[in-house]
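Student: Take a look at this one; I'll ask things after.
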Amino acid sequence: MKYMGSKRRIAKYILPIILENRTENQWYVEPFCGGCNSLDKVSGNRIGADNNQYLIALLKEMQKDSFEMPFIGEKEYQEIKNNKEEYPDWLLGYVGFQLSFGAKWFGGYRRDKAGIRNYENEAQQNLRAQQNLIKDVKFFHCNYWELEIPHNSIIYCDPPYANTTKYKDGFDHNRFWNWCEEKTNDGHSVFVSEYRAPERWKAVWEKEVTTMLEVTSYKKDVEKLFILQ
């Protein structure tokens with residue numbers, strides 16, 4: 001699934017580190033599951049949560065055998081964008097993220113001016129391919145601090161990054177890092193993706209990545225995976 005801040009490109013690097021000491025039946029938890037592009041590569045007991053109701057509604061809809069995606073052209077896209085209250089949450093999640101440029105919430109219908117690619121077909125193929133990979137995930141719409149986490153879980157956090165503009169809502173980074181420390185002290189194994197972290201957090205992996213800021217704006221930074229020392 002296309003989603004801003006997706007970890008699809010780096011999942012193959014960080015998951016072996018995160019899961020290295022996982023025990024049988026131990027829960028793997030993502031409080032910021034996003035498009036599930038790392039969660040869908042993990043097996044066993046899994047929990048995915050996010051505070052975006054439309055995203056979670058779409059993920060839950062995808063778990064149904066009856067899941068079908070209608071054809072949405074640019075005209076239909078604008079109709080849905082302008083009349084959100086008339087449509088189910090899961091459809092808003094599908095159209096608002098999967099059919100928008102850069103997966104930015106209703107950030108403009110994604111079309112190929114060169115006539116080479118059909119982005120809607122690609123979006124539908126991506127979601128169909130992901131369906132079976134998330135069938136047994138327990139999904140919750142909530143804030144990270146509200147999520148009930150089973151004892152001795154592995155928690156992987158991919159929060160909104162500090163000093164970036166990829167999320168429109170404010171995010172209390174100090175509260176988040178304090179929560180991560182509390183969960184570590186409670187006996188969970190906590191891993192965090194970020195560019196920078198408080199002093200007591202150690203980077204156990206890093207890689208230079210290129211991220212999109214706006215339609216034609218990109219920047220390079222060093223993606224890191226942190227644990228509490």
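Scheme for the structure tokens: letters A, B, ... for chains in order shown; per-chain residue numbers from 1; ligand numbers from 1 in order shown.
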Residues within 8 Å of segment 120-136 of chain A, please, as an MDAnalysis selection string. Count only C-alpha atoms; anything in the same chain fewer than 6 positions from it doesn't count.
Tutor: chainID A and resid 1:2 39:41 46 62:63 69 71:72 98:99
Student: If we count only C-alpha atoms, what is near His188 of chain A at a cut-off of 7 Å, once residues fewer than 5 positions away on the same chain are taken out, given as an NGL selection string?
Tutor: :A and (152-155 or 183)
Student: Name all residues at most 12 Å from segment 107-110 of chain A (count only C-alpha atoms; drop same-chain ones fewer than 2 positions away) and give them as an MDAnalysis selection string.
Tutor: chainID A and resid 2 4 72:81 95:105 112:113 117:123 166 214:215
Student: Restricting it to C-alpha atoms, dump the selection as a compact mmCIF listing (two decimals), in the first residue's frame.
Tutor:
```txt
# COMPACT_ATOMS: atom_id res chain seq x y z
CA LYS A 2 1.26 3.45 -0.88
CA MET A 4 3.60 8.62 3.21
CA ILE A 72 -12.61 5.81 -9.51
CA GLY A 73 -11.78 8.25 -12.28
CA GLU A 74 -10.73 11.85 -11.78
CA LYS A 75 -14.33 13.08 -11.86
CA GLU A 76 -15.37 10.57 -9.18
CA TYR A 77 -12.26 11.46 -7.17
CA GLN A 78 -13.29 15.12 -7.02
CA GLU A 79 -16.87 14.17 -6.15
CA ILE A 80 -15.70 12.06 -3.21
CA LYS A 81 -13.17 14.69 -2.11
CA VAL A 95 -9.39 7.16 -2.63
CA GLY A 96 -7.77 9.72 -0.31
CA PHE A 97 -4.47 7.86 -0.03
CA GLN A 98 -4.13 5.32 -2.83
CA LEU A 99 -5.34 7.51 -5.71
CA SER A 100 -3.62 10.72 -4.61
CA PHE A 101 -0.23 11.96 -5.72
CA GLY A 102 2.45 10.86 -3.27
CA ALA A 103 -0.27 9.15 -1.16
CA LYS A 104 -0.94 12.58 0.37
CA TRP A 105 -4.49 12.76 1.76
CA ASP A 112 0.19 9.78 -15.81
CA LYS A 113 0.39 12.55 -18.38
CA ARG A 117 1.07 3.91 -16.40
CA ASN A 118 -2.37 3.26 -14.92
CA TYR A 119 -1.95 4.25 -11.28
CA GLU A 120 -5.37 3.01 -10.22
CA ASN A 121 -4.65 -0.48 -11.58
CA GLU A 122 -1.34 -0.42 -9.73
CA ALA A 123 -3.04 0.64 -6.50
CA LYS A 166 4.78 14.98 6.01
CA GLU A 214 6.49 18.23 -2.05
CA VAL A 215 5.59 17.37 -5.65
```
Student: Could you pull out the helix (DSSP H, G or I) residues of segment 54-206 of chain A, going by DSSP on the backbone, and write them as a PyMOL selection string?
Tutor: chain A and resi 54-62+74-82+84-86+89-98+101-103+119-134+144-146+173-185
Student: For Asn174 of chain A, which of A:Cys157, A:Leu147, A:Ala197, A:Asp186 is the closest residue, counting only C-alpha atoms?
Tutor: A:Ala197
Student: Would you compute the distance between atom CA of Tyr195 of chain A and atom CA of Glu146 of chain A? Give it in Å to one decimal.
Tutor: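 For atom CA of Tyr195 of chain A relative to atom CA of Glu146 of chain A, the distance reads 24.9 Å.
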Student: What is the distance, in Å and to one decimal place, between atom CA of His141 of chain A and atom CA of Cys36 of chain A?
Tutor: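 Between atom CA of His141 of chain A and atom CA of Cys36 of chain A the gap is 13.8 Å.
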Student: For the structure I just gave you, how does DSSP split segment 11-211 of chain A - specifically, which residues are strand (DSSP E)? Reply as a PyMOL selection string.
Tutor: chain A and resi 28-30+46-50+138-141+154-157+189-194+201-211
Student: For the residues in that selection, give me C-alpha atoms as an mmCIF file, in the first residue's frame.
Tutor:
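selection_16.cif was written with the following content:
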```cif
data_model
loop_
_atom_site.group_PDB
_atom_site.id
_atom_site.type_symbol
_atom_site.label_atom_id
_atom_site.label_comp_id
_atom_site.auth_asym_id
_atom_site.auth_seq_id
_atom_site.Cartn_x
_atom_site.Cartn_y
_atom_site.Cartn_z
ATOM 1 C CA TYR A 28 4.736 -7.813 17.333
ATOM 2 C CA VAL A 29 3.095 -4.380 17.650
ATOM 3 C CA GLU A 30 3.135 -1.310 15.417
ATOM 4 C CA ARG A 46 0.510 -8.986 15.242
ATOM 5 C CA ILE A 47 -1.206 -5.759 16.249
ATOM 6 C CA GLY A 48 -1.453 -2.706 14.019
ATOM 7 C CA ALA A 49 -2.781 0.634 15.200
ATOM 8 C CA ASP A 50 -3.030 4.140 13.810
ATOM 9 C CA LYS A 138 -5.604 -7.121 14.928
ATOM 10 C CA PHE A 139 -6.197 -3.512 13.861
ATOM 11 C CA PHE A 140 -7.138 -0.646 16.175
ATOM 12 C CA HIS A 141 -7.973 2.994 15.541
ATOM 13 C CA ILE A 154 8.123 -6.256 20.441
ATOM 14 C CA ILE A 155 7.071 -2.691 19.612
ATOM 15 C CA TYR A 156 8.202 -1.029 16.409
ATOM 16 C CA CYS A 157 7.394 2.679 16.137
ATOM 17 C CA SER A 189 11.458 -4.424 23.326
ATOM 18 C CA VAL A 190 11.021 -1.008 21.704
ATOM 19 C CA PHE A 191 12.496 0.030 18.360
ATOM 20 C CA VAL A 192 12.003 3.462 16.793
ATOM 21 C CA SER A 193 12.611 4.729 13.261
ATOM 22 C CA GLU A 194 13.681 8.375 13.107
ATOM 23 C CA TRP A 201 18.748 6.248 22.475
ATOM 24 C CA LYS A 202 21.323 4.357 20.378
ATOM 25 C CA ALA A 203 21.194 3.840 16.595
ATOM 26 C CA VAL A 204 21.566 0.128 15.778
ATOM 27 C CA TRP A 205 21.150 0.615 12.019
ATOM 28 C CA GLU A 206 21.286 3.511 9.576
ATOM 29 C CA LYS A 207 21.070 4.190 5.844
ATOM 30 C CA GLU A 208 20.940 7.297 3.665
ATOM 31 C CA VAL A 209 17.540 7.713 2.025
ATOM 32 C CA THR A 210 15.880 10.195 -0.332
ATOM 33 C CA THR A 211 12.443 11.448 0.695
#
```
Student: Give me, please, the distance in Å between atom CA of Phe106 of chain A and atom CA of Asp89 of chain A, quoted to one decimal.
Tutor: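 Going from atom CA of Phe106 of chain A over to atom CA of Asp89 of chain A covers 13.5 Å.
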Student: With only C-alpha atoms as the atoms that count, which of A:Glu182, A:Asn37, A:Lys219, A:Lys224 lies nearest to Arg9 of chain A?
Tutor: A:Asn37
Student: So which one's closest to Ala11 of chain A, A:Ser38, A:Thr23, A:Gly93, A:Ile116? Using only C-alpha atoms, please.
Tutor: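 Looking at the shortest contact to Ala11 of chain A, the residue is A:Ser38.
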